[in-house]
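Asker: This is the structure, below, for whatever I ask next.
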Amino acid sequence: MHAADKFQDIRDAVRALCAKFPDEYHRGIDAQRGYPEAFVEALTKAGWLAAMIPQDYGGAGLGLAEASVIMEEINRSGGNSGACHGQMYNMGTLLRHGSPAQKQKYLPKIASGELRLQSMAVTEPTAGTDTTKIKTIAVREGDRYVVNGQKVWISRVQHSDLMILLARTTPLAQVKKKSDGMSIFLVDLREAVGKGMTVRPIANMVNHETNELFFENLEIPAENLIGAEGQGFKYILDGLNAERTLIAAECIGDGYWFVDRVTRYAKDRIVFGRPIGQNQGVQFPIAEAYIEVEAANLMRWKACELFDAREPCGAEANMAKHLAAKASWEAANVCLQYHGGFGFACEYDVERKFRETRLYQVAPISANLILSYVAEHLLGLPRSF
Ligand SMILES: Cc1cc2nc3c(=O)[nH]c(=O)nc-3n(C[C@H](O)[C@H](O)[C@H](O)COP(=O)(O)OP(=O)(O)OC[C@H]3O[C@@H](n4cnc5c(N)ncnc54)[C@H](O)[C@@H]3O)c2cc1C
C-alpha cells in the first residue's frame, strides 16, 4: 500500500527496533500507566533521539525530515512518540540560542544519552494559550535567578534531567510589547526537584506523564539563561515549527496504523456471510480516511523541506499539524467503528491508540488556535485577540 521513499533505510532500521517492542509491550505499559523506559533507552542507544544534534556534538546531524520519519515509524509501529519526542525539538532551542559553552556542556551528553532534555515548561493554569500572560517570574539576584510561580501540563519531567523553562523576567505591565520580557532557562531537574520545585503528576486520559509544577524560590544559576534576557518568547516560537511538524508526522504514523488495522480487520471479519469490508458502507469511510492521511502527508513534507532549507515554514508547519491531527482522528474513529465491539477491547490496541491520537486536537496547540493563525496571518482577516 505504501511506496518506498528516500528514507527507506531509516524506516527499515527504526521498524526493526520497534518490532522488538510489540503491541503487548505498549499495552502493558499503558495498563500500568508506566513509562516505556526500555523502549526509550533502546531508541537512545541506537542514536535515533540524537538525530538532529550536529555531528560536532556527537549526534547524527540529520534534518527535520529524517527526524519526522523516526517519529512517524514509532507511531506506525503501535508505539507512542509522546514518551520521547520532546528531546527532538527542545534540543533545537538550545542549539539555536544557547551559548557555545552551554552547547559544549550539554549537547554531547544529550547525544550520548547520558542526559535527557525531554521537558519544556510553558503552559500555566491561568494563562492557558495566552502565553504572554504567564505569571511565573524569574528575578535576577547576583549570580542567580530566583523563580516563583506555577506551570501545568508539563510532560516527561520525571523522565528527564533537563527542562527548558519560560518565565517572565520583566512584568507584563512594564514591557512595551506583551511578547517582550520573557526569558528561557535550562533547569537542571536533578538539582531543582525538592529544592524550590515541586512536581505533582496529573492523572489523565492518555498514558502521558505530565505534571503540575510549583516554584517557590527556585534558584537557577545565571549562566543557565539561554540567549538574551527578555527574548525567550521568540526563542520558544522558533522551536514550535519543528514541534508541530514532528507531531504531524506522528499523527500520520497513527493514521497509517489505524488504516492498516481496520483494513486487515474488515477483510477478515465475516458477518452476514461476507467480509464486512465488502460493504461499501464500510469501505468508503476507510478509503476516505486513507485519502486524508495521504493528503496531510504532503503538507508534512512541504513543512520539512522548508524547515530544512531554513526557509520560513510557520504556515506549513501549522497546517501540516492541523491536517494530520484531523486525519489521524478520522482514521481512529473509522478504525474503532469497524472493529465493532472489539474496538473497545484493550487487547486490540485500537482504544489505546484512539485515546493517544485524540490529544493532538488540543496539544501542543489546539485546532482553533491554528485556524486563527491561518485566518489572521495568511488570509489577513481582522485580528481576533
Ligand atoms: C497531555 C498533555 C501534555 C502537555 N504537555 C505540555 C508540555 O510538556 N509543556 C507545556 O508547556 N504544555 C503542555 N501541554 C499544554 C498544552 O499545550 C495546552 O493544553 C494547549 O496549548 C491548550 O491550552 P489550554 O489547555 O490552556 O487551553 P485554553 O487556552 O484554556 O483553551 C481551551 C479551549 O478553548 C479554545 N480557545 C481558547 N481561546 C480561544 C479563542 N480566542 N478562539 C477560539 N478558541 C479558543 C482552545 O482552542 C481550546 O480548545 C500539554 C497538554 C496536555 C493535555
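Letters for chains follow the order of the C-alpha cells (A, B, ...), residue numbers begin at 1 for each chain, and ligand numbers begin at 1 in the order shown.
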Lys321 of chain A: which residues within 9 Å, counting only C-alpha atoms, same-chain residues fewer than 2 positions away excluded, as a ChimeraX atom specification?

Answerer: /A:244-249,251,296,299-300,316-319,323-326,360,367,370

Asker: At a cut-off of 6 Å and counting only C-alpha atoms and all ligand atoms, what residues surround ligand 1? Please answer as an MDAnalysis selection string.

Answerer: chainID A and resid 119:123 128:129 153:155 208 210 362:369

Asker: Keeping only N, CA and C atoms, take the residues you just selected and write them out as a tab-separated table (two decimals), in the first residue's frame.

Answerer:
```
chain	number	residue	atom	x	y	z
A	119	SER	N	11.87	17.90	28.52
A	119	SER	CA	10.76	18.72	29.03
A	119	SER	C	10.89	20.19	28.68
A	120	MET	N	9.73	20.78	28.45
A	120	MET	CA	9.66	22.22	28.20
A	120	MET	C	8.45	22.75	28.96
A	121	ALA	N	8.66	23.78	29.78
A	121	ALA	CA	7.59	24.27	30.64
A	121	ALA	C	7.14	25.65	30.19
A	122	VAL	N	5.99	25.69	29.53
A	122	VAL	CA	5.44	26.95	29.03
A	122	VAL	C	4.06	27.20	29.66
A	123	THR	N	3.16	26.21	29.55
A	123	THR	CA	1.75	26.41	29.89
A	123	THR	C	1.55	26.68	31.39
A	128	GLY	N	-3.31	29.83	30.12
A	128	GLY	CA	-3.76	28.96	29.02
A	128	GLY	C	-2.96	29.26	27.76
A	129	THR	N	-3.64	29.32	26.64
A	129	THR	CA	-2.97	29.54	25.37
A	129	THR	C	-2.43	30.97	25.24
A	153	TRP	N	0.60	20.89	33.05
A	153	TRP	CA	0.74	20.02	31.86
A	153	TRP	C	2.17	19.94	31.38
A	154	ILE	N	3.10	19.84	32.29
A	154	ILE	CA	4.49	19.79	31.83
A	154	ILE	C	4.93	18.32	31.79
A	155	SER	N	5.25	17.88	30.60
A	155	SER	CA	5.41	16.45	30.34
A	155	SER	C	6.84	15.95	30.55
A	208	HIS	N	0.31	9.56	29.41
A	208	HIS	CA	1.27	10.59	29.06
A	208	HIS	C	1.71	11.20	30.37
A	210	THR	N	2.59	13.67	32.69
A	210	THR	CA	2.52	15.13	32.66
A	210	THR	C	2.18	15.65	34.06
A	362	VAL	N	-5.80	19.00	20.76
A	362	VAL	CA	-5.71	20.03	21.82
A	362	VAL	C	-4.26	20.48	22.04
A	363	ALA	N	-3.35	19.55	22.10
A	363	ALA	CA	-1.96	19.86	22.43
A	363	ALA	C	-1.08	19.43	21.26
A	364	PRO	N	0.06	20.03	21.05
A	364	PRO	CA	0.61	21.15	21.80
A	364	PRO	C	-0.03	22.48	21.43
A	365	ILE	N	-0.88	22.48	20.42
A	365	ILE	CA	-1.66	23.69	20.12
A	365	ILE	C	-3.02	23.21	19.65
A	366	SER	N	-4.06	23.90	20.08
A	366	SER	CA	-5.40	23.42	19.74
A	366	SER	C	-5.77	23.81	18.31
A	367	ALA	N	-6.73	23.06	17.76
A	367	ALA	CA	-7.17	23.28	16.38
A	367	ALA	C	-7.60	24.73	16.17
A	368	ASN	N	-8.35	25.30	17.12
A	368	ASN	CA	-8.83	26.68	16.93
A	368	ASN	C	-7.69	27.68	16.80
A	369	LEU	N	-6.65	27.46	17.55
A	369	LEU	CA	-5.54	28.42	17.51
A	369	LEU	C	-4.81	28.37	16.16
```

Asker: Any idea what's packed within 8 Å of Ala42 of chain A, counting only C-alpha atoms, ignoring anything in its chain fewer than 4 positions away? Could you give it as a PyMOL selection string?

Answerer: chain A and resi 17+38+46

Asker: Do you know which residues are at most 12 Å from Ser372 of chain A counting only C-alpha atoms, after dropping those on the same chain fewer than 6 positions away, and could you put them as a list in words?

Answerer: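 Here the qualifying residues turn out to be Ala315, Asn318, Met319, His322, Ile365, Ser366, Leu378, Leu379, Gly380, Leu381, Pro382, Arg383, Ser384 and Phe385 of chain A.
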
Asker: Save out the residues we just selected, N, CA and C atoms, as a PDB file, in the first residue's frame.

Answerer:
```pdb
ATOM      1  N   ALA A 315       3.527  28.691   8.424  1.00  0.00           N
ATOM      2  CA  ALA A 315       2.216  28.365   7.845  1.00  0.00           C
ATOM      3  C   ALA A 315       2.129  26.869   7.574  1.00  0.00           C
ATOM      4  N   ASN A 318       2.077  24.655  10.806  1.00  0.00           N
ATOM      5  CA  ASN A 318       0.765  24.696  11.458  1.00  0.00           C
ATOM      6  C   ASN A 318      -0.278  23.928  10.656  1.00  0.00           C
ATOM      7  N   MET A 319      -0.257  24.128   9.333  1.00  0.00           N
ATOM      8  CA  MET A 319      -1.271  23.448   8.506  1.00  0.00           C
ATOM      9  C   MET A 319      -1.035  21.937   8.486  1.00  0.00           C
ATOM     10  N   HIS A 322      -2.362  20.562  11.702  1.00  0.00           N
ATOM     11  CA  HIS A 322      -3.829  20.580  11.715  1.00  0.00           C
ATOM     12  C   HIS A 322      -4.405  19.446  10.845  1.00  0.00           C
ATOM     13  N   ILE A 365      -0.876  22.478  20.422  1.00  0.00           N
ATOM     14  CA  ILE A 365      -1.656  23.686  20.125  1.00  0.00           C
ATOM     15  C   ILE A 365      -3.023  23.208  19.647  1.00  0.00           C
ATOM     16  N   SER A 366      -4.061  23.896  20.076  1.00  0.00           N
ATOM     17  CA  SER A 366      -5.402  23.416  19.740  1.00  0.00           C
ATOM     18  C   SER A 366      -5.768  23.809  18.310  1.00  0.00           C
ATOM     19  N   LEU A 378      -2.336  34.415   7.332  1.00  0.00           N
ATOM     20  CA  LEU A 378      -2.267  34.061   5.909  1.00  0.00           C
ATOM     21  C   LEU A 378      -3.351  34.753   5.091  1.00  0.00           C
ATOM     22  N   LEU A 379      -4.523  34.905   5.707  1.00  0.00           N
ATOM     23  CA  LEU A 379      -5.639  35.461   4.934  1.00  0.00           C
ATOM     24  C   LEU A 379      -5.884  36.937   5.237  1.00  0.00           C
ATOM     25  N   GLY A 380      -5.194  37.458   6.243  1.00  0.00           N
ATOM     26  CA  GLY A 380      -5.326  38.888   6.550  1.00  0.00           C
ATOM     27  C   GLY A 380      -6.668  39.274   7.139  1.00  0.00           C
ATOM     28  N   LEU A 381      -7.381  38.309   7.720  1.00  0.00           N
ATOM     29  CA  LEU A 381      -8.655  38.652   8.373  1.00  0.00           C
ATOM     30  C   LEU A 381      -8.370  39.432   9.668  1.00  0.00           C
ATOM     31  N   PRO A 382      -9.354  40.199  10.149  1.00  0.00           N
ATOM     32  CA  PRO A 382      -9.086  41.047  11.326  1.00  0.00           C
ATOM     33  C   PRO A 382      -8.632  40.222  12.532  1.00  0.00           C
ATOM     34  N   ARG A 383      -7.691  40.777  13.259  1.00  0.00           N
ATOM     35  CA  ARG A 383      -7.160  40.117  14.452  1.00  0.00           C
ATOM     36  C   ARG A 383      -8.286  39.949  15.479  1.00  0.00           C
ATOM     37  N   SER A 384      -8.333  38.742  16.045  1.00  0.00           N
ATOM     38  CA  SER A 384      -9.440  38.451  16.959  1.00  0.00           C
ATOM     39  C   SER A 384      -9.052  38.636  18.433  1.00  0.00           C
ATOM     40  N   PHE A 385      -7.798  38.399  18.745  1.00  0.00           N
ATOM     41  CA  PHE A 385      -7.372  38.570  20.163  1.00  0.00           C
ATOM     42  C   PHE A 385      -5.939  39.024  20.206  1.00  0.00           C
TER      43      PHE A 385
END
```

Asker: Counting only C-alpha atoms, which of A:Val262, A:Ala303, A:Val206, A:Leu225 gets nearest to Arg27 of chain A?

Answerer: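 With only C-alpha atoms as the atom set, the closest residue is A:Val206.
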
Asker: Compile the contact shell of Ile202 of chain A as a PyMOL selection string: residues with an atom at most 12 Å away, counting only C-alpha atoms, same-chain residues fewer than 2 positions apart removed.

Answerer: chain A and resi 33+151-157+199-200+204-213
